[in-house]
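Report on the following structure.
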Amino acid sequence: MHVELHPKFADTHAGQTAKALTSACVHCGFCLATCPTYLDSRDERDSPRGRIYLIKNLLETGEAGSQTQLHLDRCLTCRSCETTCPSDMQYGELVDIGRGLMEQAAPRPLASKIQRRLLRLTLSRPQLLTWSLVVAQFLRPLLPARLRQAVPLRQVQKALPAGQRARKMLVLEGCVQRAATPNTNVAARRVLDRLGISLIVAPKAGCCGAVNYHLAAHADGLNNMRRNIDAWWPHLHDGAEAIISSASGCGAMLVDYGRLLADDPHYADKAKRVSQLSRDIGEILMDEDLTKLTVDTQVGKVAIHSPCTLQHALQQPDLIRTLLGRAGFDIATTTEKLLCCGSAGTYSILQSTISEKLREKALHALTHDQPAVIATANVGCQLHLQAAAGVPVMHWIELLDT
Ligand code: SF4
Ligand code: SF4
């Protein structure tokens, strides 16, 4: 697809990068068959190809109307289209750039600006989020049913391992995960401890940057990344082997640090190193001897939910199934190949109607074999599915912590 850049983008890095990315698309339309929003609306503008055309139009005219905003906002950034595309189209990178340019070309109504600002402020601050959740959990019985379902129950935490192991890895605790499902990080520590690995938390590290970056607040997102690199760098010098994430959404952001900070002379090399060392916890366990764990596999059938960030961004579609299969769990069958569950970061809040339809489809596929539990790898998907599932939804690492 050829793009003639509008003069205002011609000399910009964003414009040139978007032009190069757009040129990979050959309009074949193969991606339409795996795009959840196109399959829902059958509107070309809700498809990857349609959105690429909308971004091309923005790049050529320098303008974006409310329709461009609507259809780019409706994209889940699930990146299913990237996996399908025979031309290796890097759609996720393009849509992030397109959204950034769109924010300048088509200012949002005030209410939308405030909503997005509030989401960025709360979701990227673990302390604030934790306290907000404590209040919501206290008021939970008084809330209307719909809101009540969205507030996760308070988890009773298991004991953390005592002492230090010879091998050390940094852990990104996440924002929502730390507040809403702290047992995921506890289970990660307990399981890795049994394998001879201690997890270290760098106190000054915080949000991975995904919330800000994917809501088109690119400068704030990049600053989140720089802060994390500064917090982790001394530990990497001291021999930490890797930076572990147990939320695949955060892990997908970490592997992009190198690309996103490539033009920052102070951080480019460090960011590249951080991306090289970042691993989903499942990738670590794939290289370890799981027979050292004593696991209770008698929980009944386990349905596997592989989040989009694990499937398409980290390119590990079978990671959970392989690990739980190796550990001896009875894996439930699903009716179809899973598309996005509709969680997609802040999408479940900002596009709740489409999000709920996608969740219904995902749960239909996941529960067809009557599983006792659904295992996922990302806290956003976990909370979103749990709000409507009739069975427990948990991070798969909790199943190994028995
Ligand atoms: S599959 Fe790839 S090349 Fe084909 S239309 Fe979609 S994005 Fe473009
Ligand atoms: S990222 Fe997902 S929702 Fe967005 S265009 Fe691609 S397949 Fe469709």
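Ligands are numbered from 1 in the order shown, residues from 1 within each chain, and chains are lettered A, B, ... in the order they appear in the structure tokens.
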
(request) Find the residues near A:Val255: any atom within 12 Å, counting only C-alpha atoms, skip ones fewer than 3 places away on the same chain, and give them as a VMD selection string. (result) chain A and resid 208 to 210 225 243 to 245 248 to 252 258 to 261 271 to 280 309 to 310 313 to 315

Those same residues, written as a PDB file, in the first residue's frame with C-alpha atoms?
```pdb
ATOM      1  CA  CYS A 208       5.308  -1.324  32.570  1.00  0.00           C
ATOM      2  CA  GLY A 209       3.954   1.606  30.536  1.00  0.00           C
ATOM      3  CA  ALA A 210       1.268  -0.312  28.644  1.00  0.00           C
ATOM      4  CA  MET A 225       9.754   2.457  30.814  1.00  0.00           C
ATOM      5  CA  ILE A 243      13.045  -9.965  34.197  1.00  0.00           C
ATOM      6  CA  ILE A 244       9.986 -12.087  34.777  1.00  0.00           C
ATOM      7  CA  SER A 245       6.426 -11.098  34.116  1.00  0.00           C
ATOM      8  CA  SER A 248       1.411 -11.546  29.585  1.00  0.00           C
ATOM      9  CA  GLY A 249       0.078  -8.043  28.866  1.00  0.00           C
ATOM     10  CA  CYS A 250       3.010  -6.540  30.783  1.00  0.00           C
ATOM     11  CA  GLY A 251       5.414  -9.050  29.227  1.00  0.00           C
ATOM     12  CA  ALA A 252       4.301  -7.957  25.754  1.00  0.00           C
ATOM     13  CA  GLY A 258      14.123  -1.857  22.938  1.00  0.00           C
ATOM     14  CA  ARG A 259      12.158  -0.804  19.860  1.00  0.00           C
ATOM     15  CA  LEU A 260      10.273   2.020  21.565  1.00  0.00           C
ATOM     16  CA  LEU A 261      13.374   3.602  23.117  1.00  0.00           C
ATOM     17  CA  ALA A 271      16.185  -0.825  26.808  1.00  0.00           C
ATOM     18  CA  LYS A 272      17.404  -3.341  24.254  1.00  0.00           C
ATOM     19  CA  ARG A 273      19.064  -5.357  27.021  1.00  0.00           C
ATOM     20  CA  VAL A 274      15.916  -5.265  29.147  1.00  0.00           C
ATOM     21  CA  SER A 275      13.852  -6.548  26.228  1.00  0.00           C
ATOM     22  CA  GLN A 276      16.358  -9.334  25.600  1.00  0.00           C
ATOM     23  CA  LEU A 277      16.164 -10.401  29.256  1.00  0.00           C
ATOM     24  CA  SER A 278      12.397 -10.194  29.671  1.00  0.00           C
ATOM     25  CA  ARG A 279      10.535 -13.503  29.900  1.00  0.00           C
ATOM     26  CA  ASP A 280       7.055 -14.670  30.673  1.00  0.00           C
ATOM     27  CA  THR A 309      -0.583 -11.039  24.302  1.00  0.00           C
ATOM     28  CA  LEU A 310       0.777 -14.558  24.869  1.00  0.00           C
ATOM     29  CA  ALA A 313       2.804 -10.568  20.909  1.00  0.00           C
ATOM     30  CA  LEU A 314       4.997 -13.111  22.721  1.00  0.00           C
ATOM     31  CA  GLN A 315       4.369 -15.802  20.086  1.00  0.00           C
TER      32      GLN A 315
END
```

Within 12 Å of ligand 1 (counting only C-alpha atoms and all ligand atoms), which residues show up? I'd like them as a ChimeraX atom specification. /A:1,21-35,38,44,47-53,79-92,94-95

Kindly save the residues from that selection, with N, CA and C atoms included, as a compact mmCIF listing (two decimals), in the first residue's frame.
```txt
# COMPACT_ATOMS: atom_id res chain seq x y z
N MET A 1 0.86 -1.18 0.00
CA MET A 1 0.00 0.00 0.00
C MET A 1 0.90 1.24 0.00
N LEU A 21 5.59 0.97 7.55
CA LEU A 21 4.79 -0.15 8.02
C LEU A 21 3.59 -0.40 7.10
N THR A 22 2.95 0.69 6.69
CA THR A 22 1.76 0.57 5.85
C THR A 22 2.09 -0.08 4.50
N SER A 23 3.31 0.16 4.03
CA SER A 23 3.67 -0.36 2.70
C SER A 23 3.70 -1.89 2.67
N ALA A 24 3.75 -2.53 3.86
CA ALA A 24 3.78 -4.00 3.88
C ALA A 24 2.43 -4.61 3.52
N CYS A 25 1.36 -3.84 3.66
CA CYS A 25 0.02 -4.40 3.43
C CYS A 25 -0.26 -4.50 1.93
N VAL A 26 -0.66 -5.70 1.48
CA VAL A 26 -0.95 -5.91 0.05
C VAL A 26 -2.47 -6.07 -0.18
N HIS A 27 -3.26 -5.65 0.77
CA HIS A 27 -4.74 -5.60 0.69
C HIS A 27 -5.39 -6.97 0.53
N CYS A 28 -4.71 -8.05 0.82
CA CYS A 28 -5.26 -9.37 0.50
C CYS A 28 -6.51 -9.71 1.31
N GLY A 29 -6.61 -9.18 2.50
CA GLY A 29 -7.81 -9.41 3.31
C GLY A 29 -7.81 -10.71 4.10
N PHE A 30 -6.71 -11.47 4.10
CA PHE A 30 -6.68 -12.71 4.88
C PHE A 30 -6.95 -12.44 6.36
N CYS A 31 -6.50 -11.26 6.83
CA CYS A 31 -6.61 -10.93 8.25
C CYS A 31 -8.06 -10.77 8.72
N LEU A 32 -8.97 -10.53 7.77
CA LEU A 32 -10.36 -10.27 8.18
C LEU A 32 -10.97 -11.47 8.92
N ALA A 33 -10.56 -12.67 8.49
CA ALA A 33 -11.16 -13.88 9.06
C ALA A 33 -10.79 -14.11 10.52
N THR A 34 -9.76 -13.44 11.01
CA THR A 34 -9.37 -13.65 12.42
C THR A 34 -9.45 -12.36 13.23
N CYS A 35 -10.12 -11.36 12.69
CA CYS A 35 -10.27 -10.11 13.44
C CYS A 35 -11.59 -10.13 14.20
N TYR A 38 -14.15 -7.32 13.25
CA TYR A 38 -14.75 -7.47 11.92
C TYR A 38 -15.77 -8.62 11.94
N GLU A 44 -16.07 -3.26 7.09
CA GLU A 44 -14.66 -3.24 6.68
C GLU A 44 -13.83 -2.28 7.55
N SER A 47 -12.11 -3.76 10.41
CA SER A 47 -11.14 -4.83 10.11
C SER A 47 -9.73 -4.26 10.10
N PRO A 48 -8.71 -5.13 10.16
CA PRO A 48 -7.33 -4.62 10.09
C PRO A 48 -7.10 -3.84 8.80
N ARG A 49 -7.53 -4.41 7.65
CA ARG A 49 -7.30 -3.74 6.37
C ARG A 49 -8.02 -2.38 6.33
N GLY A 50 -9.24 -2.35 6.84
CA GLY A 50 -9.99 -1.08 6.86
C GLY A 50 -9.30 -0.05 7.74
N ARG A 51 -8.78 -0.50 8.87
CA ARG A 51 -8.10 0.44 9.79
C ARG A 51 -6.78 0.92 9.18
N ILE A 52 -6.12 0.05 8.44
CA ILE A 52 -4.88 0.49 7.77
C ILE A 52 -5.22 1.59 6.76
N TYR A 53 -6.33 1.42 6.05
CA TYR A 53 -6.76 2.47 5.11
C TYR A 53 -7.09 3.77 5.85
N ARG A 79 -3.78 -8.14 17.99
CA ARG A 79 -2.72 -8.52 17.06
C ARG A 79 -2.91 -9.90 16.44
N SER A 80 -4.17 -10.37 16.51
CA SER A 80 -4.48 -11.61 15.81
C SER A 80 -4.19 -11.46 14.32
N CYS A 81 -4.43 -10.24 13.80
CA CYS A 81 -4.19 -9.99 12.37
C CYS A 81 -2.71 -10.16 12.01
N GLU A 82 -1.82 -9.84 12.94
CA GLU A 82 -0.38 -9.98 12.66
C GLU A 82 -0.02 -11.45 12.45
N THR A 83 -0.60 -12.30 13.31
CA THR A 83 -0.30 -13.73 13.19
C THR A 83 -0.82 -14.28 11.87
N THR A 84 -1.95 -13.74 11.39
CA THR A 84 -2.56 -14.26 10.16
C THR A 84 -1.90 -13.70 8.91
N CYS A 85 -1.36 -12.49 9.00
CA CYS A 85 -0.92 -11.77 7.80
C CYS A 85 0.25 -12.46 7.09
N PRO A 86 0.11 -12.77 5.79
CA PRO A 86 1.23 -13.40 5.07
C PRO A 86 2.33 -12.40 4.71
N SER A 87 2.07 -11.09 4.87
CA SER A 87 3.07 -10.07 4.51
C SER A 87 3.84 -9.56 5.71
N ASP A 88 3.67 -10.21 6.84
CA ASP A 88 4.39 -9.80 8.06
C ASP A 88 4.09 -8.35 8.44
N MET A 89 2.84 -7.97 8.28
CA MET A 89 2.42 -6.60 8.62
C MET A 89 2.52 -6.40 10.14
N GLN A 90 3.23 -5.36 10.57
CA GLN A 90 3.37 -5.09 12.01
C GLN A 90 2.26 -4.14 12.43
N TYR A 91 1.06 -4.69 12.51
CA TYR A 91 -0.12 -3.87 12.72
C TYR A 91 -0.14 -3.19 14.09
N GLY A 92 0.31 -3.91 15.14
CA GLY A 92 0.27 -3.34 16.49
C GLY A 92 1.08 -2.05 16.58
N LEU A 94 1.82 -0.11 14.04
CA LEU A 94 1.16 0.91 13.20
C LEU A 94 -0.02 1.55 13.92
N VAL A 95 -0.83 0.72 14.57
CA VAL A 95 -2.04 1.29 15.20
C VAL A 95 -1.66 2.17 16.38
```

Once you count only C-alpha atoms, what closest atom pair and distance in Å to one decimal does each residue of stretch 114-192 of chain A within 12 Å of stretch 349-366 of chain A have, with rows by chain and rising residue number, as a Markdown table?
```
| residue | atom | partner | partner_atom | distance |
| --- | --- | --- | --- | --- |
| A:Gln115 | CA | A:Leu350 | CA | 8.6 |
| A:Arg116 | CA | A:Leu350 | CA | 8.5 |
| A:Leu118 | CA | A:Ile349 | CA | 11.8 |
| A:Leu119 | CA | A:Ile349 | CA | 9.2 |
| A:Leu123 | CA | A:Ile349 | CA | 11.9 |
| A:Arg146 | CA | A:Glu356 | CA | 11.7 |
| A:Leu147 | CA | A:Ile349 | CA | 11.6 |
| A:Ala150 | CA | A:Ile349 | CA | 10.4 |
```

Selection file, N, CA and C atoms, as a PDB file, in the first residue's frame:
```
ATOM      1  N   GLN A 115     -12.300  10.606  31.084  1.00  0.00           N
ATOM      2  CA  GLN A 115     -12.370   9.163  31.364  1.00  0.00           C
ATOM      3  C   GLN A 115     -11.013   8.491  31.103  1.00  0.00           C
ATOM      4  N   ARG A 116     -10.418   8.815  29.984  1.00  0.00           N
ATOM      5  CA  ARG A 116      -9.130   8.207  29.641  1.00  0.00           C
ATOM      6  C   ARG A 116      -8.028   8.652  30.602  1.00  0.00           C
ATOM      7  N   LEU A 118      -8.461   9.545  33.732  1.00  0.00           N
ATOM      8  CA  LEU A 118      -8.672   8.858  35.021  1.00  0.00           C
ATOM      9  C   LEU A 118      -8.184   7.411  34.973  1.00  0.00           C
ATOM     10  N   LEU A 119      -8.449   6.754  33.857  1.00  0.00           N
ATOM     11  CA  LEU A 119      -7.976   5.367  33.713  1.00  0.00           C
ATOM     12  C   LEU A 119      -6.457   5.313  33.775  1.00  0.00           C
ATOM     13  N   LEU A 123      -4.988   3.164  36.861  1.00  0.00           N
ATOM     14  CA  LEU A 123      -4.508   1.828  36.517  1.00  0.00           C
ATOM     15  C   LEU A 123      -2.982   1.718  36.495  1.00  0.00           C
ATOM     16  N   ARG A 146     -24.245  -5.809  38.327  1.00  0.00           N
ATOM     17  CA  ARG A 146     -23.287  -5.667  37.224  1.00  0.00           C
ATOM     18  C   ARG A 146     -21.919  -5.166  37.716  1.00  0.00           C
ATOM     19  N   LEU A 147     -21.972  -4.186  38.623  1.00  0.00           N
ATOM     20  CA  LEU A 147     -20.725  -3.649  39.172  1.00  0.00           C
ATOM     21  C   LEU A 147     -20.081  -4.646  40.130  1.00  0.00           C
ATOM     22  N   ALA A 150     -17.872  -7.111  38.660  1.00  0.00           N
ATOM     23  CA  ALA A 150     -16.592  -6.594  38.163  1.00  0.00           C
ATOM     24  C   ALA A 150     -15.560  -6.404  39.267  1.00  0.00           C
TER      25      ALA A 150
END
```

- alpha helix (DSSP H) call set, DSSP backbone run, stretch 44-204 of chain A, as a ChimeraX atom specification: /A:48-61,66-73,80-84,91-105,110-123,126-139,145-150,176-180,182-194

May I have the residues from that selection written out with C-alpha atoms, as a tab-separated table (two decimals), in the first residue's frame?
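Contents of the output file again_20.tsv:
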```
chain	number	residue	atom	x	y	z
A	48	PRO	CA	-7.33	-4.62	10.09
A	49	ARG	CA	-7.30	-3.74	6.37
A	50	GLY	CA	-9.99	-1.08	6.86
A	51	ARG	CA	-8.10	0.44	9.79
A	52	ILE	CA	-4.88	0.49	7.77
A	53	TYR	CA	-6.76	2.47	5.11
A	54	LEU	CA	-8.04	4.87	7.77
A	55	ILE	CA	-4.48	5.43	9.01
A	56	LYS	CA	-3.25	5.85	5.41
A	57	ASN	CA	-5.91	8.52	4.88
A	58	LEU	CA	-4.81	10.29	8.08
A	59	LEU	CA	-1.17	10.17	6.96
A	60	GLU	CA	-2.05	11.64	3.55
A	61	THR	CA	-4.57	14.31	4.56
A	66	SER	CA	-15.02	10.96	14.27
A	67	GLN	CA	-15.36	7.79	12.13
A	68	THR	CA	-11.60	7.23	12.14
A	69	GLN	CA	-11.59	7.71	15.88
A	70	LEU	CA	-14.51	5.31	16.34
A	71	HIS	CA	-13.01	2.50	14.30
A	72	LEU	CA	-9.48	2.84	15.69
A	73	ASP	CA	-10.91	2.95	19.22
A	80	SER	CA	-4.48	-11.61	15.81
A	81	CYS	CA	-4.19	-9.99	12.37
A	82	GLU	CA	-0.38	-9.98	12.66
A	83	THR	CA	-0.30	-13.73	13.19
A	84	THR	CA	-2.56	-14.26	10.16
A	91	TYR	CA	-0.12	-3.87	12.72
A	92	GLY	CA	0.27	-3.34	16.49
A	93	GLU	CA	3.10	-0.86	15.97
A	94	LEU	CA	1.16	0.91	13.20
A	95	VAL	CA	-2.04	1.29	15.20
A	96	ASP	CA	-0.13	2.73	18.18
A	97	ILE	CA	1.41	5.37	15.89
A	98	GLY	CA	-1.93	5.97	14.16
A	99	ARG	CA	-3.67	6.50	17.48
A	100	GLY	CA	-1.00	8.95	18.61
A	101	LEU	CA	-1.41	11.01	15.42
A	102	MET	CA	-5.18	10.75	15.66
A	103	GLU	CA	-5.21	12.26	19.17
A	104	GLN	CA	-3.61	15.39	17.67
A	105	ALA	CA	-5.79	15.46	14.54
A	110	LEU	CA	-14.13	16.49	27.19
A	111	ALA	CA	-15.93	13.55	28.87
A	112	SER	CA	-13.85	11.05	26.87
A	113	LYS	CA	-10.64	12.91	27.70
A	114	ILE	CA	-11.46	12.86	31.42
A	115	GLN	CA	-12.37	9.16	31.36
A	116	ARG	CA	-9.13	8.21	29.64
A	117	ARG	CA	-7.09	10.43	31.93
A	118	LEU	CA	-8.67	8.86	35.02
A	119	LEU	CA	-7.98	5.37	33.71
A	120	ARG	CA	-4.34	6.25	33.11
A	121	LEU	CA	-4.02	7.81	36.54
A	122	THR	CA	-5.53	4.92	38.48
A	123	LEU	CA	-4.51	1.83	36.52
A	126	PRO	CA	-0.48	0.23	42.07
A	127	GLN	CA	-0.87	1.93	45.48
A	128	LEU	CA	-3.85	4.02	44.38
A	129	LEU	CA	-5.36	1.03	42.65
A	130	THR	CA	-4.92	-1.18	45.72
A	131	TRP	CA	-6.69	1.31	47.97
A	132	SER	CA	-9.48	1.90	45.44
A	133	LEU	CA	-9.99	-1.84	45.28
A	134	VAL	CA	-10.08	-2.20	49.07
A	135	VAL	CA	-12.90	0.37	49.18
A	136	ALA	CA	-14.74	-1.33	46.30
A	137	GLN	CA	-14.41	-4.74	47.99
A	138	PHE	CA	-15.78	-3.29	51.25
A	139	LEU	CA	-18.78	-1.84	49.40
A	145	ALA	CA	-25.12	-6.81	40.37
A	146	ARG	CA	-23.29	-5.67	37.22
A	147	LEU	CA	-20.72	-3.65	39.17
A	148	ARG	CA	-20.45	-6.28	41.90
A	149	GLN	CA	-19.38	-8.88	39.30
A	150	ALA	CA	-16.59	-6.59	38.16
A	176	VAL	CA	-3.75	-4.47	38.46
A	177	GLN	CA	-2.28	-7.87	39.30
A	178	ARG	CA	-0.60	-6.63	42.47
A	179	ALA	CA	-3.87	-5.11	43.64
A	180	ALA	CA	-6.50	-7.58	42.44
A	182	PRO	CA	-1.79	-10.86	44.53
A	183	ASN	CA	-1.75	-14.67	44.77
A	184	THR	CA	-0.40	-14.87	41.23
A	185	ASN	CA	2.86	-13.21	42.29
A	186	VAL	CA	2.90	-15.23	45.51
A	187	ALA	CA	2.49	-18.47	43.54
A	188	ALA	CA	5.23	-17.37	41.13
A	189	ARG	CA	7.63	-16.87	44.04
A	190	ARG	CA	6.71	-20.15	45.72
A	191	VAL	CA	7.01	-22.23	42.55
A	192	LEU	CA	10.31	-20.67	41.46
A	193	ASP	CA	11.67	-21.00	45.00
A	194	ARG	CA	11.13	-24.76	44.78
```

- Task: Find the residue from A:Cys78, A:Cys381, A:Ala332, A:Ala387 that sits nearest to ligand 2; use only C-alpha atoms and all ligand atoms when measuring.
- Result: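 That would be A:Cys78, the residue with the smallest distance to ligand 2.
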
List the neighbours of A:Gly380 out to 7 Å using only C-alpha atoms; skip same-chain residues closer than 2 positions along the sequence, and give me the result as a PyMOL selection string. chain A and resi 343+345+378+382-384

Exercise for the section: Based on DSSP run over this structure's backbone, return all residues of stretch 310-386 of chain A in strand (DSSP E), as an MDAnalysis selection string. Expected result: chainID A and resid 373:376

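Among the candidate residues A:Leu323, A:Arg74, A:Gln311, A:Ser124, the one lying nearest to A:Pro36 is A:Arg74, with distances computed using only C-alpha atoms.
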
Can you pull out every residue within 8 Å of A:Phe9, counting only C-alpha atoms, but drop anything in the same chain fewer than 5 positions away, and send it as a ChimeraX atom specification? /A:14-16,59,62

Counting only C-alpha atoms and all ligand atoms, closest pick from A:His218, A:His368, A:Arg45, A:Lys204 relative to ligand 2 is A:Arg45

Checklist entry - Do you know which residues are at most 12 Å from A:Leu195 counting only C-alpha atoms, after dropping those on the same chain fewer than 4 positions away, and could you put them as a ChimeraX atom specification? => result /A:161,164-168,188-191,199,284-294,400-401

Closest of A:His266, A:Ala375, A:Pro234, A:Glu63 to A:Pro7, counting only C-alpha atoms, is A:Glu63

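For the atom pair formed by atom CA of A:Leu172 and atom CA of A:Glu241, the distance is 13.5 Å, given to one decimal.
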